[in-house]
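Chemist: As input, take run27.tsv (TSV, C-alpha atoms):
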chain	number	residue	atom	x	y	z
U	136	LEU	CA	9.63	66.16	-189.30
U	137	ALA	CA	10.55	64.22	-192.42
U	138	ALA	CA	13.20	61.61	-193.12
U	139	TYR	CA	15.48	61.76	-196.21
U	140	ASN	CA	18.04	59.38	-197.63
U	141	VAL	CA	16.51	56.44	-195.76
U	142	VAL	CA	18.82	53.42	-195.79
U	143	THR	CA	17.88	49.93	-194.59
U	144	LEU	CA	20.22	48.62	-191.88
U	145	PRO	CA	20.96	45.01	-190.95
U	146	PRO	CA	18.69	43.53	-188.29
U	147	GLY	CA	19.97	44.26	-184.77
U	148	SER	CA	21.70	47.50	-185.72
U	149	ILE	CA	19.33	49.71	-183.71
U	150	VAL	CA	19.74	49.67	-179.92
U	151	TRP	CA	16.77	51.17	-178.11
U	152	GLU	CA	17.91	50.55	-174.57
U	153	VAL	CA	21.19	49.88	-172.79
U	154	GLU	CA	21.63	47.44	-169.94
U	155	GLU	CA	23.33	48.68	-166.80
U	156	GLU	CA	26.92	47.63	-166.22
U	157	PRO	CA	28.11	45.11	-165.36
U	158	ALA	CA	25.97	43.21	-167.84
U	159	GLY	CA	23.87	40.43	-166.40
U	160	THR	CA	23.50	42.04	-162.98
U	161	ARG	CA	20.20	41.25	-161.24
U	162	VAL	CA	18.73	43.86	-158.89
U	163	THR	CA	16.27	43.31	-156.05
U	164	GLY	CA	13.57	45.88	-155.33
U	165	THR	CA	10.03	46.45	-154.05
U	166	VAL	CA	7.03	47.32	-156.19
U	167	GLU	CA	5.78	50.82	-155.32
U	168	SER	CA	2.87	50.88	-157.76
U	169	SER	CA	1.35	48.36	-160.18
U	170	ALA	CA	1.53	48.50	-163.96
U	171	LYS	CA	-1.75	48.63	-165.86
U	172	GLU	CA	-2.41	47.56	-169.41
U	173	GLY	CA	-5.62	47.21	-171.40
U	174	ARG	CA	-8.36	49.01	-173.34
U	175	GLY	CA	-5.80	50.93	-175.37
U	176	GLU	CA	-4.19	52.43	-172.26
U	177	SER	CA	-0.88	51.50	-170.67
U	178	VAL	CA	0.48	52.81	-167.37
U	179	ASP	CA	3.95	51.88	-166.15
U	180	GLY	CA	4.46	50.67	-162.61
U	181	LYS	CA	7.28	51.76	-160.32
U	182	ILE	CA	9.92	49.84	-158.38
U	183	THR	CA	12.12	51.23	-155.62
U	184	VAL	CA	15.52	49.83	-154.71
U	185	GLU	CA	17.12	50.37	-151.31
U	186	GLY	CA	20.17	52.60	-151.66
U	187	ARG	CA	19.10	54.05	-155.02
U	188	GLU	CA	17.44	57.43	-155.42
U	189	ASP	CA	16.21	56.88	-158.98
U	190	VAL	CA	12.81	55.38	-159.76
U	191	ILE	CA	12.70	52.30	-161.97
U	192	TYR	CA	9.66	51.83	-164.19
U	193	PHE	CA	8.21	48.60	-165.51
U	194	SER	CA	5.47	47.53	-167.89
U	195	ALA	CA	3.02	44.70	-167.35
U	196	SER	CA	4.67	42.70	-170.15
U	197	SER	CA	8.04	42.72	-168.35
U	198	TYR	CA	6.70	40.23	-165.79
U	199	GLN	CA	5.69	36.68	-166.68
U	200	SER	CA	4.17	34.83	-163.74
U	201	GLN	CA	5.18	31.27	-162.96
U	202	ARG	CA	2.82	28.51	-161.90
U	203	GLY	CA	1.17	29.31	-158.59
U	204	GLN	CA	2.16	32.99	-158.67
U	205	PRO	CA	-0.16	36.00	-159.06
U	206	ARG	CA	-0.72	37.07	-162.66
U	207	ARG	CA	0.33	40.65	-162.01
U	208	LEU	CA	2.56	42.46	-159.57
U	209	SER	CA	1.12	44.41	-156.64
U	210	LYS	CA	2.41	47.04	-154.26
U	211	GLY	CA	4.81	45.56	-151.73
U	212	ASP	CA	5.92	42.61	-153.87
U	213	VAL	CA	9.65	41.87	-153.74
U	214	VAL	CA	11.09	41.31	-157.22
U	215	GLU	CA	14.37	40.68	-159.03
U	216	PHE	CA	15.12	42.17	-162.44
U	217	THR	CA	17.60	43.62	-164.92
U	218	VAL	CA	17.88	47.42	-165.21
U	219	VAL	CA	18.06	49.08	-168.62
U	220	THR	CA	18.15	52.74	-169.68
U	221	GLU	CA	15.93	53.83	-172.57
U	222	ARG	CA	18.11	55.87	-174.93
U	223	ARG	CA	15.39	58.32	-175.97
U	224	THR	CA	13.99	59.27	-172.56
U	225	LYS	CA	16.93	58.26	-170.29
U	226	ARG	CA	14.38	56.54	-168.00
U	227	LYS	CA	15.32	53.41	-166.10
U	228	HIS	CA	13.21	50.34	-166.82
U	229	ALA	CA	13.03	46.87	-165.27
U	230	ARG	CA	13.20	43.90	-167.63
U	231	ASN	CA	12.87	40.14	-167.11
U	232	ILE	CA	11.18	40.57	-163.74
U	233	SER	CA	10.95	37.59	-161.37
U	234	LEU	CA	8.76	37.56	-158.27
U	235	LEU	CA	10.71	36.65	-155.14
U	236	GLN	CA	8.00	37.19	-152.53
U	237	SER	CA	4.53	38.64	-152.89
U	238	GLN	CA	3.12	41.03	-150.32
U	239	ALA	CA	0.50	38.40	-149.48
U	240	GLU	CA	3.22	35.81	-148.85
U	241	LYS	CA	5.15	38.28	-146.71
U	242	THR	CA	2.04	39.00	-144.63
U	243	ARG	CA	1.40	35.27	-144.16
U	244	ALA	CA	5.04	34.67	-143.16
U	245	GLU	CA	4.89	37.47	-140.58
U	246	ARG	CA	1.62	36.10	-139.21
U	247	GLU	CA	3.11	32.60	-138.99
U	248	ALA	CA	6.21	33.89	-137.21
U	249	LYS	CA	4.06	35.74	-134.68
U	250	MET	CA	1.93	32.64	-134.01
U	251	LEU	CA	5.06	30.54	-133.49
U	252	GLU	CA	6.55	32.94	-130.95
U	253	GLY	CA	6.92	31.07	-127.69
U	254	ALA	CA	5.74	27.75	-129.17
U	255	SER	CA	7.70	24.67	-128.10
U	256	PRO	CA	7.96	21.34	-129.94
U	257	GLU	CA	5.58	18.52	-129.08
U	258	VAL	CA	5.55	14.89	-130.18
U	259	GLY	CA	2.69	12.57	-130.98
U	260	ARG	CA	1.14	10.07	-133.36
U	261	VAL	CA	-1.03	10.57	-136.45
U	262	THR	CA	-4.54	9.32	-135.66
U	263	LYS	CA	-6.32	10.34	-138.86
U	264	ALA	CA	-4.72	10.92	-142.26
U	265	ARG	CA	-6.61	12.08	-145.33
U	266	HIS	CA	-5.18	13.26	-148.66
U	267	ASP	CA	-3.95	16.65	-147.44
U	268	TRP	CA	-5.08	16.93	-143.81
U	269	GLY	CA	-5.55	14.95	-140.64
U	270	PHE	CA	-5.18	14.92	-136.86
U	271	VAL	CA	-2.36	14.18	-134.44
U	272	ALA	CA	-2.59	12.93	-130.83
U	273	SER	CA	-0.02	14.76	-128.71
U	274	THR	CA	1.71	13.50	-125.58
U	275	SER	CA	1.34	17.00	-124.11
U	276	ARG	CA	-2.43	17.59	-124.44
U	277	THR	CA	-5.68	15.65	-124.45
U	278	GLU	CA	-7.31	17.16	-127.56
U	279	GLU	CA	-6.15	16.08	-131.00
U	280	VAL	CA	-4.36	18.66	-133.15
U	281	TYR	CA	-5.28	19.40	-136.78
U	282	TYR	CA	-2.59	19.41	-139.47
U	283	HIS	CA	-2.48	20.38	-143.15
U	284	ILE	CA	0.02	18.93	-145.59
U	285	SER	CA	1.31	22.43	-146.42
U	286	HIS	CA	2.89	22.48	-142.94
U	287	VAL	CA	4.47	19.02	-143.20
U	288	LEU	CA	8.24	19.08	-143.79
U	289	PRO	CA	9.90	16.99	-146.53
U	290	SER	CA	11.16	13.55	-145.58
U	291	GLU	CA	14.75	13.43	-144.40
U	292	SER	CA	17.31	11.93	-146.75
U	293	GLU	CA	19.36	8.86	-145.87
U	294	ASP	CA	22.24	11.01	-144.59
U	295	GLY	CA	19.88	12.75	-142.15
U	296	GLY	CA	19.56	15.99	-144.11
U	297	ASP	CA	16.43	17.68	-145.39
U	298	GLY	CA	15.26	15.82	-148.47
U	299	GLY	CA	14.30	19.14	-150.07
U	300	GLY	CA	11.40	17.54	-151.89
U	301	PRO	CA	7.62	17.66	-151.44
U	302	PRO	CA	6.01	17.32	-148.00
U	303	ALA	CA	6.05	13.85	-146.50
U	304	GLN	CA	2.75	12.00	-146.98
U	305	LEU	CA	1.67	11.15	-143.45
U	306	ARG	CA	0.00	7.85	-142.60
U	307	GLU	CA	-2.02	6.85	-139.58
U	308	GLY	CA	0.34	5.63	-136.88
U	309	ASP	CA	3.28	7.79	-137.98
U	310	GLU	CA	5.18	9.37	-135.11
U	311	VAL	CA	5.84	13.08	-135.55
U	312	GLU	CA	7.28	16.20	-133.96
U	313	PHE	CA	5.39	19.48	-134.42
U	314	TYR	CA	4.60	22.93	-133.06
U	315	VAL	CA	1.10	23.97	-132.04
U	316	VAL	CA	-0.49	27.34	-132.87
U	317	ASP	CA	-3.90	28.86	-132.27
U	318	GLU	CA	-5.51	30.13	-135.49
U	319	PRO	CA	-8.95	30.98	-136.93
U	320	ASP	CA	-10.99	27.98	-138.05
U	321	GLY	CA	-11.36	28.34	-141.81
U	322	LYS	CA	-14.63	26.36	-141.87
U	323	ASN	CA	-16.32	27.95	-138.86
U	324	LYS	CA	-16.32	31.74	-138.89
U	325	GLY	CA	-15.60	33.29	-135.52
U	326	ARG	CA	-14.17	30.07	-134.06
U	327	ARG	CA	-10.54	29.11	-133.47
U	328	ARG	CA	-8.66	25.82	-133.49
U	329	THR	CA	-5.29	24.37	-132.54
U	330	SER	CA	-3.20	23.47	-135.58
U	331	SER	CA	0.19	21.91	-136.24
U	332	ARG	CA	3.20	23.62	-137.82
U	333	ARG	CA	6.59	22.29	-138.97
U	334	VAL	CA	5.42	18.68	-138.75
U	335	ARG	CA	8.40	16.32	-138.98
U	336	VAL	CA	8.25	12.52	-139.18
U	337	LEU	CA	10.18	10.70	-136.43
U	338	PRO	CA	11.63	7.17	-136.42
U	339	PRO	CA	9.20	4.51	-135.14
U	340	GLY	CA	9.39	3.98	-131.40
U	341	THR	CA	10.43	7.54	-130.63
U	342	VAL	CA	7.14	8.72	-129.11
U	343	LYS	CA	6.10	7.38	-125.70
U	344	PHE	CA	2.58	8.08	-124.43
U	345	GLU	CA	3.09	6.12	-121.21
U	346	GLU	CA	5.91	5.71	-118.74
U	347	VAL	CA	6.34	2.60	-116.61
U	348	VAL	CA	6.55	3.66	-112.96
U	349	ALA	CA	6.20	0.23	-111.32
U	350	GLU	CA	6.11	-3.44	-112.28
U	351	GLY	CA	4.39	-6.32	-110.49
U	352	ALA	CA	2.04	-4.05	-108.53
U	353	THR	CA	-1.05	-5.65	-106.94
U	354	GLY	CA	-4.36	-4.21	-105.79
U	355	ILE	CA	-8.13	-4.42	-105.59
U	356	VAL	CA	-10.45	-3.43	-108.45
U	357	LEU	CA	-12.79	-0.63	-107.35
U	358	ASP	CA	-14.52	0.12	-110.68
U	359	CYS	CA	-14.75	-1.92	-113.88
U	360	PRO	CA	-14.37	-0.28	-117.32
U	361	SER	CA	-17.62	0.69	-118.99
U	362	PRO	CA	-18.27	0.99	-122.76
U	363	ALA	CA	-17.74	4.34	-124.42
U	364	PRO	CA	-20.91	6.46	-124.63
U	365	PHE	CA	-22.78	6.49	-127.93
U	366	SER	CA	-22.16	9.56	-130.10
U	367	PHE	CA	-24.08	10.73	-133.17
U	368	ASP	CA	-21.03	12.55	-134.55
U	369	ARG	CA	-19.33	9.15	-135.18
U	370	GLU	CA	-16.25	10.30	-133.29
U	371	GLU	CA	-14.52	7.47	-131.46
U	372	LYS	CA	-14.87	7.97	-127.70
U	373	ASP	CA	-12.63	6.56	-125.00
U	374	PRO	CA	-14.29	4.15	-122.56
U	375	ALA	CA	-14.92	5.31	-119.03
U	376	PRO	CA	-11.79	4.60	-116.90
U	377	ALA	CA	-11.61	2.00	-114.14
U	378	ARG	CA	-9.86	2.29	-110.78
U	379	VAL	CA	-7.59	-0.02	-108.82
U	380	LEU	CA	-6.62	0.41	-105.14
U	381	LEU	CA	-2.98	-0.58	-104.76
U	382	LYS	CA	-2.03	-2.74	-101.80
U	383	VAL	CA	1.31	-0.97	-101.54
U	384	PRO	CA	1.30	2.74	-102.43
U	385	LEU	CA	3.84	3.81	-105.01
U	386	GLU	CA	6.80	5.65	-103.59
U	387	ALA	CA	7.74	9.01	-105.08
U	388	ASP	CA	11.17	9.36	-106.64
U	389	GLY	CA	13.88	9.94	-104.08
U	390	GLU	CA	12.00	8.33	-101.19
Now that the file is in, can you turn its structure into structure tokens?

Modeler:
Amino acid sequence: LAAYNVVTLPPGSIVWEVEEEPAGTRVTGTVESSAKEGRGESVDGKITVEGREDVIYFSASSYQSQRGQPRRLSKGDVVEFTVVTERRTKRKHARNISLLQSQAEKTRAEREAKMLEGASPEVGRVTKARHDWGFVASTSRTEEVYYHISHVLPSESEDGGDGGGPPAQLREGDEVEFYVVDEPDGKNKGRRRTSSRRVRVLPPGTVKFEEVVAEGATGIVLDCPSPAPFSFDREEKDPAPARVLLKVPLEADGE
């Protein structure tokens, strides 16, 4: 083929692809196969959209990852994009792709939801707080519960709503509400640990570890407290408890 009578046109005169109507519409779909680019070879990926029978193609350059996102799209990723039709081939292409949820994030969310099934809220007090992790003493169990800052909710705003900002920075002594899950211990392969989820800071004085059942009781000391046993792991141990024999037994409620 040869071209004759070639005339230069103003910039922008040639339209290679046409955006679907109405203009500006964003479509949500799922990546069916990844796009590949490099070493002189380029392979388009494919996106499927629920309710549409046509296949939408995309190139690696049509997706620009944001901070903290994967550098390229993978099968199962949920994306949002603009659909255009290439005039020469009539193929549909995705442009200006944004990642809504990666397959890895979806898997983590499903795993979290399964772990939280049947979990009930507990309350307690932060006993150890490091930069992004720590431990919480619960009123419902004797062992302390691990937490990571990624599962701490933002501080509430003055009107009581969700602040919507970064996770609250917990401090030792803070009173919190949380859910407890059983998950693999990331530092010890094959072992599991109890961890906190949806950790929310409570107003001071909310959490009560003890309940007064009687005042002015008298009795005889049977055993004196003894010092906590020495431990090489530097963990603080509770002292051995003492016992008191009450002169007047406590009456149960309703008696």

Chemist: Nearest residue to Gln204 of chain U out of U:Glu257, U:Asp189, U:Asp179, U:Gln238, using all atoms listed in the file?

Modeler: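 Distance minimum relative to Gln204 of chain U lands on U:Gln238.
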
Chemist: Find the distance between atom CA of Ala349 of chain U and atom CA of Thr274 of chain U and write it in Å to one decimal.

Modeler: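 Separating atom CA of Ala349 of chain U from atom CA of Thr274 of chain U is a distance of 20.0 Å.
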
Chemist: Report, as JSON, the centre and edge lengths in Å (one decimal) of the axis-aligned box enclosing every listed atom of segment 341-353 of chain U, padded by 8 Å on each side.

Modeler:
{"center_x": 4.7, "center_y": 1.2, "center_z": -118.8, "size_x": 27.5, "size_y": 31.0, "size_z": 39.7}

Chemist: Just give me the gap between atom CA of Lys227 of chain U and atom CA of Phe193 of chain U in Å, one decimal is fine.

Modeler: 8.6 Å

Chemist: With all atoms listed in the file as the counted atoms, please give the residues lying no more than 7 Å from Glu307 of chain U, apart from itself and same-chain residues fewer than 5 positions off, as a list in words.

Modeler: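 Listed by chain and then number, they are Val261, Thr262, Lys263 and Ala264 of chain U.
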
Chemist: Extract, using only C-alpha atoms, all DNA, RNA and protein residues at most 9 Å from segment 278-289 of chain U, discarding same-chain residues fewer than 2 positions from it, and format them as a PDB file with C-alpha atoms, in the coordinates of the input.

Modeler:
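File produced: around-v5.pdb:
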ATOM      1  CA  THR U 262      -4.540   9.320-135.660  1.00  0.00           C
ATOM      2  CA  HIS U 266      -5.180  13.260-148.660  1.00  0.00           C
ATOM      3  CA  ASP U 267      -3.950  16.650-147.440  1.00  0.00           C
ATOM      4  CA  TRP U 268      -5.080  16.930-143.810  1.00  0.00           C
ATOM      5  CA  GLY U 269      -5.550  14.950-140.640  1.00  0.00           C
ATOM      6  CA  PHE U 270      -5.180  14.920-136.860  1.00  0.00           C
ATOM      7  CA  VAL U 271      -2.360  14.180-134.440  1.00  0.00           C
ATOM      8  CA  ALA U 272      -2.590  12.930-130.830  1.00  0.00           C
ATOM      9  CA  SER U 273      -0.020  14.760-128.710  1.00  0.00           C
ATOM     10  CA  ARG U 276      -2.430  17.590-124.440  1.00  0.00           C
ATOM     11  CA  GLU U 291      14.750  13.430-144.400  1.00  0.00           C
ATOM     12  CA  SER U 292      17.310  11.930-146.750  1.00  0.00           C
ATOM     13  CA  ASP U 297      16.430  17.680-145.390  1.00  0.00           C
ATOM     14  CA  GLY U 298      15.260  15.820-148.470  1.00  0.00           C
ATOM     15  CA  GLY U 299      14.300  19.140-150.070  1.00  0.00           C
ATOM     16  CA  GLY U 300      11.400  17.540-151.890  1.00  0.00           C
ATOM     17  CA  PRO U 301       7.620  17.660-151.440  1.00  0.00           C
ATOM     18  CA  PRO U 302       6.010  17.320-148.000  1.00  0.00           C
ATOM     19  CA  ALA U 303       6.050  13.850-146.500  1.00  0.00           C
ATOM     20  CA  GLN U 304       2.750  12.000-146.980  1.00  0.00           C
ATOM     21  CA  LEU U 305       1.670  11.150-143.450  1.00  0.00           C
ATOM     22  CA  PHE U 313       5.390  19.480-134.420  1.00  0.00           C
ATOM     23  CA  VAL U 315       1.100  23.970-132.040  1.00  0.00           C
ATOM     24  CA  ARG U 328      -8.660  25.820-133.490  1.00  0.00           C
ATOM     25  CA  THR U 329      -5.290  24.370-132.540  1.00  0.00           C
ATOM     26  CA  SER U 330      -3.200  23.470-135.580  1.00  0.00           C
ATOM     27  CA  SER U 331       0.190  21.910-136.240  1.00  0.00           C
ATOM     28  CA  ARG U 332       3.200  23.620-137.820  1.00  0.00           C
ATOM     29  CA  ARG U 333       6.590  22.290-138.970  1.00  0.00           C
ATOM     30  CA  VAL U 334       5.420  18.680-138.750  1.00  0.00           C
ATOM     31  CA  ARG U 335       8.400  16.320-138.980  1.00  0.00           C
ATOM     32  CA  VAL U 336       8.250  12.520-139.180  1.00  0.00           C
TER      33      VAL U 336
END

Chemist: Select, from U:Val162, U:Val219, U:Val150, U:Met250, the residue with the minimum atom-to-atom distance to Glu318 of chain U, counting all atoms listed in the file.

Modeler: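 Of the candidates, the smallest distance to Glu318 of chain U is held by U:Met250.
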
Chemist: Leaving out Ser233 of chain U and any residue of its chain fewer than 5 positions from it, which residues lie within 12 Å of it when counting only C-alpha atoms, given as a list in words?

Modeler: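 Using only C-alpha atoms, the neighbours found are Arg161, Val162, Thr163, Gly164, Thr165, Val166, Ser196, Ser197, Tyr198, Gln199, Ser200, Gln201, Gln204, Pro205, Arg206, Arg207, Leu208, Asp212, Val213, Val214, Glu215, Phe216 and Thr217 of chain U.
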
Chemist: Just the selected residues (C-alpha atoms), exported as an mmCIF file, in the coordinates of the input, please.

Modeler:
data_model
loop_
_atom_site.group_PDB
_atom_site.id
_atom_site.type_symbol
_atom_site.label_atom_id
_atom_site.label_comp_id
_atom_site.auth_asym_id
_atom_site.auth_seq_id
_atom_site.Cartn_x
_atom_site.Cartn_y
_atom_site.Cartn_z
ATOM 1 C CA ARG U 161 20.200 41.250 -161.240
ATOM 2 C CA VAL U 162 18.730 43.860 -158.890
ATOM 3 C CA THR U 163 16.270 43.310 -156.050
ATOM 4 C CA GLY U 164 13.570 45.880 -155.330
ATOM 5 C CA THR U 165 10.030 46.450 -154.050
ATOM 6 C CA VAL U 166 7.030 47.320 -156.190
ATOM 7 C CA SER U 196 4.670 42.700 -170.150
ATOM 8 C CA SER U 197 8.040 42.720 -168.350
ATOM 9 C CA TYR U 198 6.700 40.230 -165.790
ATOM 10 C CA GLN U 199 5.690 36.680 -166.680
ATOM 11 C CA SER U 200 4.170 34.830 -163.740
ATOM 12 C CA GLN U 201 5.180 31.270 -162.960
ATOM 13 C CA GLN U 204 2.160 32.990 -158.670
ATOM 14 C CA PRO U 205 -0.160 36.000 -159.060
ATOM 15 C CA ARG U 206 -0.720 37.070 -162.660
ATOM 16 C CA ARG U 207 0.330 40.650 -162.010
ATOM 17 C CA LEU U 208 2.560 42.460 -159.570
ATOM 18 C CA ASP U 212 5.920 42.610 -153.870
ATOM 19 C CA VAL U 213 9.650 41.870 -153.740
ATOM 20 C CA VAL U 214 11.090 41.310 -157.220
ATOM 21 C CA GLU U 215 14.370 40.680 -159.030
ATOM 22 C CA PHE U 216 15.120 42.170 -162.440
ATOM 23 C CA THR U 217 17.600 43.620 -164.920
#

Chemist: One number please: atom CA of Lys241 of chain U to atom CA of Glu167 of chain U, in Å, one decimal.

Modeler: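 Going from atom CA of Lys241 of chain U over to atom CA of Glu167 of chain U covers 15.2 Å.
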
Chemist: Excluding Leu251 of chain U and any residue of its chain fewer than 2 positions from it, enumerate the residues within 10 Å of it, using all atoms listed in the file, and give them as number ranges by chain.

Modeler: U: 245-249, 253-255, 314-317, 332

Chemist: Which residue gives the smallest distance to Ile232 of chain U among U:Lys324, U:Gly211, U:Pro256, U:Tyr192, with only C-alpha atoms counted?

Modeler: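 So, comparing all the options, the nearest one is U:Tyr192.
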
Chemist: As a list of chain:residue names, please: the residues near Glu221 of chain U (cut-off 9 Å, all atoms listed in the file, same-chain neighbours under 4 positions excluded).

Modeler: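 So the residues in contact are U:Trp151, U:Glu152, U:Val153, U:Glu154, U:Lys225, U:Arg226, U:Lys227, U:His228.
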
Chemist: Can you pull segment 234-248 of chain U out of that block with C-alpha atoms and hand it back as a short mmCIF file (atom, residue, chain, number, x, y, z; two decimals), in the first residue's frame?

Modeler:
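Okay, this is what ended up in selection15.cif:
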data_model
loop_
_atom_site.label_atom_id
_atom_site.label_comp_id
_atom_site.auth_asym_id
_atom_site.auth_seq_id
_atom_site.Cartn_x
_atom_site.Cartn_y
_atom_site.Cartn_z
CA LEU U 234 -7.53 -0.96 41.52
CA LEU U 235 -10.48 -1.26 43.91
CA GLN U 236 -9.55 -4.52 45.63
CA SER U 237 -6.78 -6.97 44.88
CA GLN U 238 -7.37 -10.71 44.99
CA ALA U 239 -4.94 -10.88 47.92
CA GLU U 240 -6.95 -8.25 49.82
CA LYS U 241 -10.18 -10.10 49.05
CA THR U 242 -8.70 -13.35 50.36
CA ARG U 243 -7.53 -11.62 53.55
CA ALA U 244 -10.95 -10.00 54.05
CA GLU U 245 -12.71 -13.36 53.65
CA ARG U 246 -10.28 -14.97 56.10
CA GLU U 247 -10.84 -12.16 58.60
CA ALA U 248 -14.62 -12.46 58.28
#
